[in-house]
>>> print(open('entry_17.cif').read())   # mmCIF, C-alpha atoms
data_input
#
loop_
_atom_site.label_atom_id
_atom_site.label_comp_id
_atom_site.auth_asym_id
_atom_site.auth_seq_id
_atom_site.Cartn_x
_atom_site.Cartn_y
_atom_site.Cartn_z
CA MET A 66 0.00 0.00 0.00
CA ASN A 67 2.89 2.34 0.76
CA VAL A 68 4.31 1.91 -2.74
CA LEU A 69 0.91 2.54 -4.33
CA LEU A 70 0.45 5.71 -2.29
CA TRP A 71 3.92 6.95 -3.26
CA VAL A 72 3.24 6.30 -6.94
CA LEU A 73 -0.10 8.12 -6.70
CA GLN A 74 1.53 11.02 -4.85
CA VAL A 75 4.16 11.44 -7.57
CA VAL A 76 1.61 11.12 -10.39
CA LEU A 77 -0.70 13.56 -8.64
CA ALA A 78 2.17 16.00 -8.06
CA LEU A 79 3.08 15.93 -11.75
CA PHE A 80 -0.59 16.29 -12.73
CA TYR A 81 -1.09 19.34 -10.52
CA LEU A 82 2.29 20.88 -11.41
CA ALA A 83 1.29 20.74 -15.07
CA GLY A 84 -2.21 22.02 -14.34
CA GLY A 85 -0.92 24.79 -12.12
CA GLN A 86 1.60 26.05 -14.63
CA TYR A 87 -1.11 25.95 -17.31
CA LYS A 88 -3.38 28.12 -15.15
CA VAL A 89 -0.57 30.60 -14.46
CA PHE A 90 1.02 30.88 -17.91
CA HIS A 91 -1.72 30.01 -20.43
CA PHE A 92 -4.57 32.33 -19.57
CA THR A 93 -5.45 32.95 -23.21
CA GLU A 94 -6.13 29.24 -23.68
CA LEU A 95 -8.17 29.04 -20.48
CA VAL A 96 -10.66 31.67 -21.55
CA LYS A 97 -11.52 29.62 -24.64
CA VAL A 98 -13.12 26.94 -22.42
CA PRO A 99 -16.69 28.03 -21.57
CA PRO A 100 -16.28 28.56 -17.80
CA GLY A 101 -12.74 29.87 -18.19
CA GLY A 102 -13.72 33.45 -18.79
CA ALA A 103 -15.65 33.66 -15.53
CA LEU A 104 -12.42 34.07 -13.53
CA SER A 105 -9.87 36.82 -13.98
CA ARG A 106 -6.23 36.27 -14.84
CA GLY A 107 -5.26 36.87 -11.21
CA GLN A 108 -7.78 34.34 -9.91
CA TRP A 109 -6.57 31.68 -12.34
CA GLY A 110 -2.99 32.55 -11.39
CA ALA A 111 -3.77 32.16 -7.67
CA LEU A 112 -5.35 28.76 -8.32
CA GLY A 113 -2.31 27.75 -10.35
CA VAL A 114 0.17 28.80 -7.67
CA PHE A 115 -1.92 27.00 -5.04
CA GLU A 116 -1.90 23.81 -7.14
CA MET A 117 1.85 23.99 -7.73
CA LEU A 118 2.53 24.58 -4.03
CA CYS A 119 0.34 21.61 -3.07
CA ALA A 120 2.05 19.49 -5.72
CA VAL A 121 5.43 20.16 -4.13
CA LEU A 122 4.00 19.48 -0.66
CA LEU A 123 2.65 16.11 -1.83
CA VAL A 124 6.17 14.74 -2.20
CA VAL A 125 8.87 16.85 -0.56
CA PRO A 126 7.87 16.76 3.15
CA ALA A 127 7.22 13.03 3.10
CA ALA A 128 10.43 12.27 1.19
CA ALA A 129 12.50 14.48 3.50
CA LYS A 130 10.73 13.12 6.59
CA TRP A 131 10.18 16.71 7.68
CA MET A 132 6.63 17.55 8.75
CA PRO A 133 5.02 14.73 6.72
CA VAL A 134 1.59 15.91 7.87
CA LEU A 135 1.92 18.56 5.13
CA THR A 136 1.57 15.78 2.57
CA LEU A 137 -1.78 14.79 4.01
CA LEU A 138 -2.92 18.41 4.20
CA ALA A 139 -1.84 19.10 0.61
CA ALA A 140 -3.76 16.07 -0.67
CA ALA A 141 -6.86 17.10 1.29
CA ALA A 142 -6.58 20.69 0.03
CA LEU A 143 -6.31 19.50 -3.56
CA ALA A 144 -9.32 17.23 -3.10
CA LEU A 145 -11.38 20.14 -1.76
CA GLU A 146 -10.19 22.46 -4.53
CA SER A 147 -11.08 19.81 -7.10
CA LEU A 148 -14.52 19.40 -5.59
CA ALA A 149 -15.13 23.14 -5.83
CA LEU A 150 -13.88 23.27 -9.43
CA ALA A 151 -15.95 20.21 -10.35
CA VAL A 152 -19.11 21.87 -9.09
CA TRP A 153 -18.18 25.02 -10.95
CA PHE A 154 -17.39 23.20 -14.23
CA ALA A 155 -20.54 21.05 -13.90
CA ARG A 156 -22.65 24.19 -14.01
CA TYR A 157 -21.45 24.69 -17.59
CA SER A 158 -21.27 21.17 -19.01
CA LEU A 159 -21.75 17.58 -17.89
CA ALA A 160 -20.64 16.09 -21.21
CA LEU A 161 -18.03 13.37 -20.73
CA ARG A 162 -15.59 14.39 -23.44
CA ALA A 163 -11.83 14.75 -23.38
CA THR A 164 -12.18 18.49 -23.94
CA ASN A 165 -14.33 18.98 -20.84
CA PRO A 166 -12.15 19.97 -17.84
CA LEU A 167 -14.71 18.39 -15.51
CA VAL A 168 -13.35 14.93 -16.32
CA TYR A 169 -9.77 15.82 -15.32
CA VAL A 170 -10.84 17.70 -12.20
CA VAL A 171 -12.97 14.80 -10.93
CA VAL A 172 -10.25 12.21 -11.57
CA GLY A 173 -7.59 14.36 -9.89
CA GLY A 174 -9.87 15.05 -6.95
CA LEU A 175 -10.66 11.37 -6.43
CA ILE A 176 -6.98 10.44 -6.49
CA ALA A 177 -6.16 13.30 -4.09
CA ALA A 178 -8.94 12.18 -1.74
CA PHE A 179 -7.60 8.60 -1.83
CA VAL A 180 -4.05 9.78 -1.08
CA ALA A 181 -5.32 11.90 1.84
CA TYR A 182 -7.34 8.95 3.18
CA GLY A 183 -4.46 6.55 2.62
CA ARG A 184 -1.92 8.76 4.37
CA TYR A 185 -4.28 9.36 7.28
CA THR A 186 -5.74 5.89 7.78
CA LEU A 187 -4.28 3.11 5.65
CA ARG A 188 -0.58 3.87 5.74
CA PRO A 189 0.26 7.01 7.75
CA LEU A 190 3.64 8.60 7.31
CA PRO A 191 5.92 8.56 10.38
#
>>> encode(input="entry_17.cif", output="structure tokens")
Amino acid sequence: MNVLLWVLQVVLALFYLAGGQYKVFHFTELVKVPPGGALSRGQWGALGVFEMLCAVLLVVPAAAKWMPVLTLLAAAALALESLALAVWFARYSLALRATNPLVYVVVGGLIAAFVAYGRYTLRPLP
């Protein structure tokens, strides 16, 4: 279980690093998606920085054995952020297509919730 959680943490960190940098540096592409224009550039940038920070906190504290509780908190924060974004995206489209960001947000949120649960209950970090 520990190996599975580590693999999911690394995959999730890469997923949210990529998503965060996209939100920070590709605002013109974000506004092309129907709900993308509802947030300003600064709001998308804040979400992107938050995601990149949480992505780093998913791996670094646990790997360094320094305040590993931050890993759990980062996973929980990403799950909550994904839930909020999923509700927001669902208001615009429920179509299950690869172009709909709802699909990626829900999958990322479920994995983040599993990592948070796993690191709290199944295999806590020392």
>>> residues_around(input="entry_17.cif", residues="Val171 (chain A)", least_positions_apart="2", cutoff="8 Å", atoms="all atoms listed in the file", output="number ranges by chain")
A: 147-148, 151, 167-169, 173-175
>>> residues_around(input="entry_17.cif", residues="region 80-85 of chain A", least_positions_apart="2", cutoff="8 Å", atoms="all atoms listed in the file", output="PyMOL selection string")
chain A and resi 76-78+87-89+112-117+119-121+173
>>> resolve_selection(input="entry_17.cif", expression="the PyMOL selection byres ((chain A and resi 92) around 10)", output="ChimeraX atom specification")
/A:87-91,93-97,101-102,105-107,109-110
>>> write_last_selection(input="entry_17.cif", atoms="C-alpha atoms", output="short mmCIF file (atom, residue, chain, number, x, y, z; two decimals), in the coordinates of the input")
data_model
loop_
_atom_site.label_atom_id
_atom_site.label_comp_id
_atom_site.auth_asym_id
_atom_site.auth_seq_id
_atom_site.Cartn_x
_atom_site.Cartn_y
_atom_site.Cartn_z
CA TYR A 87 -1.11 25.95 -17.31
CA LYS A 88 -3.38 28.12 -15.15
CA VAL A 89 -0.57 30.60 -14.46
CA PHE A 90 1.02 30.88 -17.91
CA HIS A 91 -1.72 30.01 -20.43
CA THR A 93 -5.45 32.95 -23.21
CA GLU A 94 -6.13 29.24 -23.68
CA LEU A 95 -8.17 29.04 -20.48
CA VAL A 96 -10.66 31.67 -21.55
CA LYS A 97 -11.52 29.62 -24.64
CA GLY A 101 -12.74 29.87 -18.19
CA GLY A 102 -13.72 33.45 -18.79
CA SER A 105 -9.87 36.82 -13.98
CA ARG A 106 -6.23 36.27 -14.84
CA GLY A 107 -5.26 36.87 -11.21
CA TRP A 109 -6.57 31.68 -12.34
CA GLY A 110 -2.99 32.55 -11.39
#
>>> residues_around(input="entry_17.cif", residues="Ala178 (chain A)", least_positions_apart="4", cutoff="10 Å", atoms="all atoms listed in the file", output="VMD selection string")
chain A and resid 137 140 to 145 147 to 148 172 to 174 182 to 184
>>> atom_distance(input="entry_17.cif", atom1="CA of Met66 (chain A)", atom2="CA of Leu187 (chain A)")
7.7 Å
>>> residues_around(input="entry_17.cif", residues="Val68 (chain A)", least_positions_apart="4", cutoff="12 Å", atoms="all atoms listed in the file", output="ChimeraX atom specification")
/A:72-75,180,183-184,188
>>> resolve_selection(input="entry_17.cif", expression="the PyMOL selection byres ((chain A and resi 126) around 12)", output="number ranges by chain")
A: 74, 118-125, 127-139, 190-191
>>> write_last_selection(input="entry_17.cif", atoms="C-alpha atoms", output="PDB file, in the coordinates of the input")
ATOM      1  CA  GLN A  74       1.530  11.020  -4.850  1.00  0.00           C
ATOM      2  CA  LEU A 118       2.530  24.580  -4.030  1.00  0.00           C
ATOM      3  CA  CYS A 119       0.340  21.610  -3.070  1.00  0.00           C
ATOM      4  CA  ALA A 120       2.050  19.490  -5.720  1.00  0.00           C
ATOM      5  CA  VAL A 121       5.430  20.160  -4.130  1.00  0.00           C
ATOM      6  CA  LEU A 122       4.000  19.480  -0.660  1.00  0.00           C
ATOM      7  CA  LEU A 123       2.650  16.110  -1.830  1.00  0.00           C
ATOM      8  CA  VAL A 124       6.170  14.740  -2.200  1.00  0.00           C
ATOM      9  CA  VAL A 125       8.870  16.850  -0.560  1.00  0.00           C
ATOM     10  CA  ALA A 127       7.220  13.030   3.100  1.00  0.00           C
ATOM     11  CA  ALA A 128      10.430  12.270   1.190  1.00  0.00           C
ATOM     12  CA  ALA A 129      12.500  14.480   3.500  1.00  0.00           C
ATOM     13  CA  LYS A 130      10.730  13.120   6.590  1.00  0.00           C
ATOM     14  CA  TRP A 131      10.180  16.710   7.680  1.00  0.00           C
ATOM     15  CA  MET A 132       6.630  17.550   8.750  1.00  0.00           C
ATOM     16  CA  PRO A 133       5.020  14.730   6.720  1.00  0.00           C
ATOM     17  CA  VAL A 134       1.590  15.910   7.870  1.00  0.00           C
ATOM     18  CA  LEU A 135       1.920  18.560   5.130  1.00  0.00           C
ATOM     19  CA  THR A 136       1.570  15.780   2.570  1.00  0.00           C
ATOM     20  CA  LEU A 137      -1.780  14.790   4.010  1.00  0.00           C
ATOM     21  CA  LEU A 138      -2.920  18.410   4.200  1.00  0.00           C
ATOM     22  CA  ALA A 139      -1.840  19.100   0.610  1.00  0.00           C
ATOM     23  CA  LEU A 190       3.640   8.600   7.310  1.00  0.00           C
ATOM     24  CA  PRO A 191       5.920   8.560  10.380  1.00  0.00           C
TER      25      PRO A 191
END
>>> atom_distance(input="entry_17.cif", atom1="CA of Pro100 (chain A)", atom2="CA of Phe154 (chain A)")
6.5 Å
>>> atom_distance(input="entry_17.cif", atom1="CA of Pro166 (chain A)", atom2="CA of Ala181 (chain A)")
22.3 Å
>>> closest_residue(input="entry_17.cif", among="A:Asn165, A:Val98, A:Val170, A:Gln108", to="Val152 (chain A)", atoms="all atoms listed in the file")
A:Val170
>>> build_atoms(input="entry_17.cif", residues="region 69-91 of chain A", atoms="N, CA and C atoms", output="short mmCIF file (atom, residue, chain, number, x, y, z; two decimals), in the frame of the given file")
data_model
loop_
_atom_site.label_atom_id
_atom_site.label_comp_id
_atom_site.auth_asym_id
_atom_site.auth_seq_id
_atom_site.Cartn_x
_atom_site.Cartn_y
_atom_site.Cartn_z
N LEU A 69 2.01 1.99 -3.54
CA LEU A 69 0.91 2.54 -4.33
C LEU A 69 0.66 4.00 -3.98
N LEU A 70 0.67 4.33 -2.70
CA LEU A 70 0.45 5.71 -2.29
C LEU A 70 1.57 6.63 -2.78
N TRP A 71 2.81 6.15 -2.75
CA TRP A 71 3.92 6.95 -3.26
C TRP A 71 3.79 7.19 -4.75
N VAL A 72 3.42 6.15 -5.49
CA VAL A 72 3.24 6.30 -6.94
C VAL A 72 2.12 7.30 -7.22
N LEU A 73 1.01 7.18 -6.50
CA LEU A 73 -0.10 8.12 -6.70
C LEU A 73 0.29 9.54 -6.31
N GLN A 74 1.08 9.69 -5.26
CA GLN A 74 1.53 11.02 -4.85
C GLN A 74 2.38 11.66 -5.94
N VAL A 75 3.29 10.90 -6.52
CA VAL A 75 4.16 11.44 -7.57
C VAL A 75 3.35 11.77 -8.82
N VAL A 76 2.45 10.87 -9.22
CA VAL A 76 1.61 11.12 -10.39
C VAL A 76 0.73 12.35 -10.15
N LEU A 77 0.14 12.43 -8.98
CA LEU A 77 -0.70 13.56 -8.64
C LEU A 77 0.10 14.86 -8.62
N ALA A 78 1.31 14.81 -8.09
CA ALA A 78 2.17 16.00 -8.06
C ALA A 78 2.48 16.47 -9.48
N LEU A 79 2.81 15.55 -10.37
CA LEU A 79 3.08 15.93 -11.75
C LEU A 79 1.83 16.48 -12.43
N PHE A 80 0.70 15.86 -12.17
CA PHE A 80 -0.59 16.29 -12.73
C PHE A 80 -0.91 17.72 -12.31
N TYR A 81 -0.75 18.01 -11.02
CA TYR A 81 -1.09 19.34 -10.52
C TYR A 81 0.00 20.37 -10.82
N LEU A 82 1.26 19.94 -10.96
CA LEU A 82 2.29 20.88 -11.41
C LEU A 82 1.98 21.34 -12.84
N ALA A 83 1.63 20.39 -13.69
CA ALA A 83 1.29 20.74 -15.07
C ALA A 83 0.03 21.61 -15.12
N GLY A 84 -0.98 21.23 -14.36
CA GLY A 84 -2.21 22.02 -14.34
C GLY A 84 -2.00 23.40 -13.77
N GLY A 85 -1.19 23.50 -12.74
CA GLY A 85 -0.92 24.79 -12.12
C GLY A 85 -0.16 25.72 -13.04
N GLN A 86 0.85 25.19 -13.71
CA GLN A 86 1.60 26.05 -14.63
C GLN A 86 0.74 26.47 -15.80
N TYR A 87 -0.19 25.60 -16.22
CA TYR A 87 -1.11 25.95 -17.31
C TYR A 87 -2.02 27.11 -16.88
N LYS A 88 -2.50 27.06 -15.65
CA LYS A 88 -3.38 28.12 -15.15
C LYS A 88 -2.63 29.44 -15.00
N VAL A 89 -1.35 29.38 -14.66
CA VAL A 89 -0.57 30.60 -14.46
C VAL A 89 -0.12 31.20 -15.79
N PHE A 90 0.36 30.36 -16.71
CA PHE A 90 1.02 30.88 -17.91
C PHE A 90 0.20 30.81 -19.20
N HIS A 91 -0.94 30.16 -19.20
CA HIS A 91 -1.72 30.01 -20.43
C HIS A 91 -3.14 30.53 -20.27
#
